[in-house]
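Colleague: Handing over run.csv, CSV, C-alpha atoms.
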```csv
chain,number,residue,atom,x,y,z
A,1,MET,CA,-29.8,-26.4,4.7
A,2,PRO,CA,-30.8,-27.1,8.3
A,3,LEU,CA,-27.9,-27.2,10.8
A,4,ASP,CA,-26.6,-30.7,11.4
A,5,ASP,CA,-25.3,-32.1,14.8
A,6,GLN,CA,-21.7,-31.0,14.0
A,7,ALA,CA,-22.8,-27.5,13.3
A,8,LEU,CA,-24.9,-27.4,16.5
A,9,LEU,CA,-21.8,-28.5,18.5
A,10,ARG,CA,-19.4,-26.1,16.6
A,11,TYR,CA,-21.6,-23.0,17.2
A,12,SER,CA,-23.1,-24.0,20.6
A,13,ARG,CA,-21.6,-21.0,22.4
A,14,GLN,CA,-23.3,-18.6,20.0
A,15,ILE,CA,-26.6,-20.5,20.0
A,16,LEU,CA,-26.7,-20.1,23.8
A,17,LEU,CA,-27.0,-16.4,23.3
A,18,PRO,CA,-30.8,-15.7,23.6
A,19,GLU,CA,-30.5,-12.8,21.1
A,20,LEU,CA,-29.1,-15.2,18.5
A,21,ASP,CA,-30.5,-18.6,19.4
A,22,LEU,CA,-30.9,-21.4,16.8
A,23,ALA,CA,-32.9,-19.1,14.4
A,24,GLY,CA,-30.0,-16.6,14.2
A,25,GLN,CA,-27.4,-19.3,13.7
A,26,GLN,CA,-29.5,-20.6,10.8
A,27,ARG,CA,-29.7,-17.1,9.3
A,28,LEU,CA,-25.9,-17.0,9.4
A,29,SER,CA,-25.6,-20.3,7.7
A,30,ASP,CA,-28.0,-19.2,5.0
A,31,ALA,CA,-26.1,-15.9,4.3
A,32,ARG,CA,-23.5,-15.0,1.8
A,33,VAL,CA,-21.3,-12.0,2.3
A,34,LEU,CA,-18.7,-10.2,0.1
A,35,ILE,CA,-15.5,-8.9,1.7
A,36,ILE,CA,-13.7,-6.4,-0.5
A,37,GLY,CA,-10.0,-6.1,0.6
A,38,LEU,CA,-8.1,-8.8,2.4
A,39,GLY,CA,-5.7,-6.6,4.3
A,40,GLY,CA,-5.6,-5.3,7.8
A,41,LEU,CA,-9.4,-5.0,8.1
A,42,GLY,CA,-10.5,-7.8,5.9
A,43,SER,CA,-8.3,-10.3,7.7
A,44,PRO,CA,-10.0,-10.3,11.1
A,45,ALA,CA,-13.4,-9.7,9.5
A,46,ALA,CA,-13.0,-12.8,7.3
A,47,LEU,CA,-11.6,-15.0,10.2
A,48,TYR,CA,-14.4,-14.1,12.6
A,49,LEU,CA,-17.2,-14.4,10.0
A,50,ALA,CA,-15.9,-17.8,8.9
A,51,GLY,CA,-15.7,-18.8,12.6
A,52,SER,CA,-19.2,-17.5,13.3
A,53,GLY,CA,-20.9,-19.9,10.8
A,54,ILE,CA,-21.5,-17.6,7.8
A,55,GLY,CA,-22.5,-20.1,5.1
A,56,ALA,CA,-20.6,-18.5,2.2
A,57,ILE,CA,-18.0,-15.7,1.8
A,58,ASP,CA,-16.9,-14.1,-1.5
A,59,LEU,CA,-13.4,-12.7,-1.3
A,60,ALA,CA,-12.1,-9.8,-3.5
A,61,ASP,CA,-8.6,-8.5,-3.7
A,62,ALA,CA,-6.2,-7.8,-6.6
A,63,ASP,CA,-3.0,-7.8,-4.6
A,64,ARG,CA,-0.3,-10.3,-3.6
A,65,VAL,CA,1.1,-10.9,-0.1
A,66,GLU,CA,4.1,-8.7,0.7
A,67,LEU,CA,6.4,-8.7,3.6
A,68,SER,CA,5.1,-5.3,4.9
A,69,ASN,CA,1.6,-6.8,5.1
A,70,LEU,CA,2.4,-9.5,7.7
A,71,PRO,CA,2.4,-7.4,10.9
A,72,ARG,CA,-1.3,-6.6,10.6
A,73,GLN,CA,-2.9,-8.8,7.8
A,74,ILE,CA,-3.3,-11.9,10.0
A,75,LEU,CA,-4.9,-14.0,7.3
A,76,HIS,CA,-1.5,-14.3,5.6
A,77,GLU,CA,1.6,-16.0,6.8
A,78,GLN,CA,5.3,-15.9,5.9
A,79,GLY,CA,4.9,-18.9,3.5
A,80,ALA,CA,2.3,-17.0,1.5
A,81,LEU,CA,4.7,-14.2,0.4
A,82,GLY,CA,4.1,-13.6,-3.3
A,83,GLN,CA,0.8,-15.5,-3.5
A,84,ARG,CA,-2.4,-13.8,-4.4
A,85,LYS,CA,-4.2,-12.6,-1.3
A,86,VAL,CA,-7.4,-14.4,-2.4
A,87,ASP,CA,-5.5,-17.7,-2.6
A,88,SER,CA,-3.8,-17.2,0.7
A,89,ALA,CA,-7.1,-16.3,2.4
A,90,ARG,CA,-9.0,-19.1,0.8
A,91,LYS,CA,-6.5,-21.7,2.1
A,92,ARG,CA,-6.6,-20.2,5.6
A,93,LEU,CA,-10.3,-20.0,5.8
A,94,ARG,CA,-10.9,-23.4,4.4
A,95,ALA,CA,-8.6,-24.9,7.0
A,96,GLN,CA,-10.4,-23.0,9.7
A,97,ASN,CA,-13.9,-24.0,8.6
A,98,PRO,CA,-14.1,-26.8,6.0
A,99,GLY,CA,-17.8,-26.4,5.5
A,100,LEU,CA,-17.5,-22.8,4.4
A,101,GLN,CA,-18.4,-22.0,0.8
A,102,LEU,CA,-15.7,-19.7,-0.7
A,103,ARG,CA,-15.7,-17.8,-4.0
A,104,VAL,CA,-12.8,-15.5,-5.0
A,105,HIS,CA,-12.4,-12.4,-7.2
A,106,ALA,CA,-8.7,-11.9,-7.9
A,107,ALA,CA,-9.2,-8.4,-9.3
A,108,ARG,CA,-10.1,-4.9,-8.2
A,109,LEU,CA,-13.8,-5.0,-8.7
A,110,ALA,CA,-15.3,-2.1,-10.6
A,111,GLY,CA,-18.2,-1.3,-13.0
A,112,ASP,CA,-20.4,-4.1,-14.0
A,113,ALA,CA,-18.2,-6.7,-12.2
A,114,LEU,CA,-18.6,-4.9,-8.9
A,115,ARG,CA,-22.4,-4.5,-9.4
A,116,ARG,CA,-22.7,-8.3,-10.1
A,117,ALA,CA,-20.6,-9.2,-7.2
A,118,VAL,CA,-22.7,-7.0,-4.8
A,119,ALA,CA,-26.0,-8.3,-6.2
A,120,ALA,CA,-24.9,-11.9,-5.6
A,121,VAL,CA,-24.6,-11.5,-1.8
A,122,ASP,CA,-26.7,-10.4,1.2
A,123,LEU,CA,-24.2,-8.0,2.7
A,124,VAL,CA,-20.9,-6.3,1.8
A,125,LEU,CA,-17.9,-5.4,4.0
A,126,ASP,CA,-15.8,-2.6,2.6
A,127,CYS,CA,-12.3,-3.3,3.8
A,128,SER,CA,-10.6,-1.5,1.0
A,129,ASP,CA,-8.0,1.3,1.3
A,130,SER,CA,-8.9,4.0,-1.2
A,131,LEU,CA,-11.6,6.7,-1.3
A,132,ALA,CA,-12.3,5.9,-5.0
A,133,SER,CA,-13.0,2.3,-4.2
A,134,ARG,CA,-15.1,3.2,-1.2
A,135,LYS,CA,-17.3,5.5,-3.2
A,136,ALA,CA,-17.7,2.9,-6.0
A,137,ILE,CA,-18.6,0.2,-3.5
A,138,ASN,CA,-21.1,2.5,-1.8
A,139,ARG,CA,-22.9,3.3,-5.1
A,140,ALA,CA,-23.0,-0.4,-6.1
A,141,CYS,CA,-24.6,-1.2,-2.7
A,142,LEU,CA,-27.1,1.6,-3.2
A,143,GLU,CA,-28.0,0.3,-6.7
A,144,GLN,CA,-28.4,-3.3,-5.6
A,145,GLY,CA,-30.0,-2.6,-2.2
A,146,ARG,CA,-27.4,-4.3,-0.1
A,147,PRO,CA,-26.3,-3.3,3.4
A,148,LEU,CA,-22.7,-2.1,3.6
A,149,VAL,CA,-20.4,-2.4,6.7
A,150,SER,CA,-17.7,0.2,6.1
A,151,GLY,CA,-14.5,0.3,8.2
A,152,ALA,CA,-11.3,2.3,8.0
A,153,ALA,CA,-8.1,2.6,9.9
A,154,ILE,CA,-5.0,4.9,9.7
A,155,ARG,CA,-2.3,5.7,12.2
A,156,TRP,CA,-3.8,5.1,15.6
A,157,GLU,CA,-7.4,5.7,14.6
A,158,GLY,CA,-10.3,3.8,13.1
A,159,GLN,CA,-14.0,4.2,12.3
A,160,ILE,CA,-16.9,2.0,11.4
A,161,SER,CA,-20.5,2.4,10.3
A,162,LEU,CA,-23.4,0.5,8.7
A,163,PHE,CA,-25.2,1.9,5.7
A,164,ASP,CA,-28.4,0.1,4.6
A,165,PRO,CA,-30.2,1.3,1.5
A,166,ARG,CA,-33.3,-0.8,2.4
A,167,ARG,CA,-33.9,1.7,5.2
A,168,ALA,CA,-35.3,5.0,4.0
A,169,GLU,CA,-33.6,6.9,6.9
A,170,SER,CA,-30.2,5.4,6.4
A,171,PRO,CA,-27.4,7.7,5.2
A,172,CYS,CA,-24.8,6.3,2.8
A,173,TYR,CA,-21.0,6.5,2.8
A,174,GLU,CA,-21.0,9.6,0.6
A,175,CYS,CA,-23.3,11.4,3.1
A,176,LEU,CA,-20.3,11.4,5.3
A,177,TYR,CA,-17.4,11.7,2.8
A,178,GLY,CA,-18.9,13.1,-0.4
A,179,ALA,CA,-17.4,16.5,0.2
A,180,LEU,CA,-13.8,15.1,0.3
A,181,GLY,CA,-13.5,14.9,-3.5
A,182,SER,CA,-10.1,13.6,-4.4
A,183,VAL,CA,-8.6,13.9,-0.9
A,184,SER,CA,-7.4,10.6,0.3
A,185,GLU,CA,-5.1,9.2,2.9
A,186,SER,CA,-3.6,5.7,2.9
A,187,CYS,CA,-1.7,3.5,5.4
A,188,ALA,CA,1.2,3.3,2.9
A,189,ASP,CA,1.7,7.1,3.2
A,190,ASN,CA,0.7,7.6,6.8
A,191,GLY,CA,1.3,4.3,8.6
A,192,VAL,CA,-1.0,2.3,10.9
A,193,ILE,CA,-0.6,0.4,14.1
A,194,GLY,CA,-1.6,-3.2,13.4
A,195,PRO,CA,-4.0,-3.9,16.3
A,196,VAL,CA,-6.2,-1.0,15.4
A,197,THR,CA,-7.0,-2.7,12.1
A,198,GLY,CA,-7.8,-5.8,14.1
A,199,VAL,CA,-10.2,-3.9,16.3
A,200,ILE,CA,-12.1,-2.3,13.4
A,201,GLY,CA,-12.1,-5.4,11.3
A,202,SER,CA,-13.5,-7.4,14.2
A,203,LEU,CA,-16.2,-4.8,14.8
A,204,GLN,CA,-17.1,-5.1,11.1
A,205,ALA,CA,-17.7,-8.8,11.6
A,206,VAL,CA,-19.9,-8.1,14.7
A,207,GLU,CA,-21.9,-5.5,12.8
A,208,ALA,CA,-22.4,-7.9,9.9
A,209,ILE,CA,-23.6,-10.6,12.2
A,210,LYS,CA,-26.1,-8.2,13.8
A,211,ALA,CA,-27.4,-7.0,10.5
A,212,ILE,CA,-27.8,-10.5,9.0
A,213,CYS,CA,-29.7,-11.7,12.2
A,214,SER,CA,-31.6,-8.4,12.6
A,215,ILE,CA,-30.5,-8.1,16.3
A,216,GLY,CA,-29.0,-5.5,18.5
A,217,ASP,CA,-28.5,-1.8,18.0
A,218,THR,CA,-26.6,-1.3,14.7
A,219,LEU,CA,-24.6,1.6,13.5
A,220,ILE,CA,-27.1,2.8,11.0
A,221,GLY,CA,-27.1,6.6,11.3
A,222,ARG,CA,-24.1,6.5,13.6
A,223,VAL,CA,-20.3,6.4,13.2
A,224,LEU,CA,-18.1,4.8,15.8
A,225,LEU,CA,-14.7,6.5,16.1
A,226,VAL,CA,-11.8,4.8,17.9
A,227,ASP,CA,-8.6,6.7,19.0
A,228,ALA,CA,-6.3,3.9,20.3
A,229,TYR,CA,-3.5,6.3,21.1
A,230,ARG,CA,-5.6,8.2,23.7
A,231,MET,CA,-7.8,5.1,24.3
A,232,HIS,CA,-10.9,7.1,23.5
A,233,THR,CA,-14.1,6.1,21.6
A,234,GLN,CA,-16.9,8.3,20.4
A,235,ILE,CA,-20.1,7.8,18.5
A,236,ILE,CA,-21.3,10.6,16.2
A,237,GLU,CA,-24.8,10.8,14.8
A,238,LEU,CA,-25.0,10.9,11.0
A,239,GLN,CA,-28.1,12.1,9.1
A,240,ARG,CA,-28.9,11.3,5.5
A,241,ASP,CA,-27.8,14.3,3.4
A,242,PRO,CA,-30.7,15.4,1.1
A,243,ASP,CA,-28.1,16.8,-1.3
A,244,CYS,CA,-25.9,13.7,-1.3
A,245,PRO,CA,-24.8,13.0,-4.9
A,246,ALA,CA,-25.0,9.3,-4.4
A,247,CYS,CA,-28.3,8.7,-2.6
A,248,ARG,CA,-30.4,11.9,-2.9
A,249,ASN,CA,-32.7,10.3,-5.5
A,250,ARG,CA,-32.9,6.9,-3.7
A,251,PRO,CA,-36.5,6.0,-2.7
A,252,GLY,CA,-37.1,4.3,0.6
A,253,SER,CA,-37.4,0.5,0.5
A,254,ALA,CA,-38.3,-2.3,2.8
A,255,THR,CA,-37.1,-5.0,0.5
A,256,ALA,CA,-36.0,-8.2,2.3
A,257,PRO,CA,-32.4,-9.4,1.9
A,258,ARG,CA,-31.6,-12.1,-0.7
A,259,THR,CA,-30.7,-15.5,0.6
A,260,HIS,CA,-28.8,-18.2,-1.3
A,261,GLY,CA,-28.9,-21.9,-1.3
```
If you convert what's in this file into structure tokens, what do you get?

Modeller:
Amino acid sequence: MPLDDQALLRYSRQILLPELDLAGQQRLSDARVLIIGLGGLGSPAALYLAGSGIGAIDLADADRVELSNLPRQILHEQGALGQRKVDSARKRLRAQNPGLQLRVHAARLAGDALRRAVAAVDLVLDCSDSLASRKAINRACLEQGRPLVSGAAIRWEGQISLFDPRRAESPCYECLYGALGSVSESCADNGVIGPVTGVIGSLQAVEAIKAICSIGDTLIGRVLLVDAYRMHTQIIELQRDPDCPACRNRPGSATAPRTHG
């Protein structure tokens, strides 16, 4: 629906940006995104996307809020301990932006359920915390032709990239990590400093906004690495792997993104 006067006032600072303008704000309003994982990465990503004027957000997480989550998972508060993360997140985001459409998946999405959830949106943010989940999300996005903003954080480091199967030259997540096999590191085993998850999750929101509005230089074919301990950033180039088990048979496509409403 066209933006009303309240929306124009709410998002006026964004609309002032010539790269975004009214047309970009309307694209955000028309978009639906899926955030998988409502922890350290998903929390800032969800808050900033809700604040930016995204019209609809689907939230997916199977976990409940625990005490050890609170230092970095800023969607959740002390009073939410024991609640499902999707319920805690829905309450917080609805209070932040009452006009936001929210749909929740209180389960670890896999198989057909994952494919359906991905097909129902315009863009996916992978904020999960396991290699197996990341590979499954990547393949679902490849099958359904949906852009994927992938972020990760551990210890003092983080990384982010954008994979877009609609672009023939775009690599996929497994082009970068397919060789890792069963090797996986988690925050539960190795620790993480909370603000790093905030940095990466916030950048995921920025990259999602740029992809939806088709503006700026995105991270397609590039990976941004952040080392907060040394306060060092680096961008590495990433080519599509012709032998990638996930995307080697994927044809190029210029399919336009789906819109809802």

Colleague: Extract, using all atoms listed in the file, all DNA, RNA and protein residues at most 8 Å from Val124 in chain A, discarding same-chain residues fewer than 5 positions from it, and format them as a PyMOL selection string.

Modeller: chain A and resi 33-36+118+141+146-149

Colleague: Please provide as a PyMOL selection string all residues within 7 Å of range 62-67 of chain A, with the sequence filter that same-chain residues fewer than 3 positions apart are discarded (counting only C-alpha atoms).

Modeller: chain A and resi 70+80-85+106-108

Colleague: Please determine, counting only C-alpha atoms, which residue among A:Gln78, A:Ser214, A:Ser150, A:Gln239 has the shortest atom-to-atom distance to Ser202 in chain A.

Modeller: A:Ser150

Colleague: For Gly42 in chain A, please output as a PyMOL selection string all residues within 12 Å (counting all atoms listed in the file; exclusion window: fewer than 5 positions along the same chain).

Modeller: chain A and resi 34-37+47-50+57-61+72-76+85-86+89+124-129+149-153+197-205

Colleague: Find the distance between CA of Ile220 in chain A and CA of Glu169 in chain A and write it in Å to one decimal.

Modeller: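 Computed distance, CA of Ile220 in chain A to CA of Glu169 in chain A, equals 8.7 Å.
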
Colleague: Using only C-alpha atoms, which residue out of A:Asp241, A:Asp112, A:Asp227, A:Asp122 lies closest to Tyr173 in chain A?

Modeller: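 Among the listed residues, the smallest separation from Tyr173 in chain A belongs to A:Asp241.
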
Colleague: From the list A:Gly53, A:Ala136, A:Leu114, A:Ile215, which residue is nearest Ser12 in chain A when using all atoms listed in the file?

Modeller: A:Gly53

Colleague: With a distance cut-off of 8 Å and only C-alpha atoms, select the neighbouring residues of Gln25 in chain A, excluding the residue or stretch itself and same-chain residues fewer than 3 positions from it, and output the selection as a PyMOL selection string.

Modeller: chain A and resi 11+14-15+20-22+28-29+53

Colleague: From the list A:Gly221, A:Gly194, A:Pro98, A:Pro245, which residue is nearest Arg10 in chain A when using only C-alpha atoms?

Modeller: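 Residue with the minimum atom-to-atom distance to Arg10 in chain A: A:Pro98.
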
Colleague: For a test of reading the model, state the distance in Å between CA of Ala56 in chain A and CA of Arg32 in chain A, rounded to one decimal.

Modeller: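 CA of Arg32 in chain A lies at a distance of 4.6 Å from CA of Ala56 in chain A.
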
Colleague: Tell me which of A:Leu123, A:Cys213, A:Met1, A:Leu109 sits closest to Leu142 in chain A, counting only C-alpha atoms.

Modeller: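 Among the listed residues, A:Leu123 lies closest to Leu142 in chain A.
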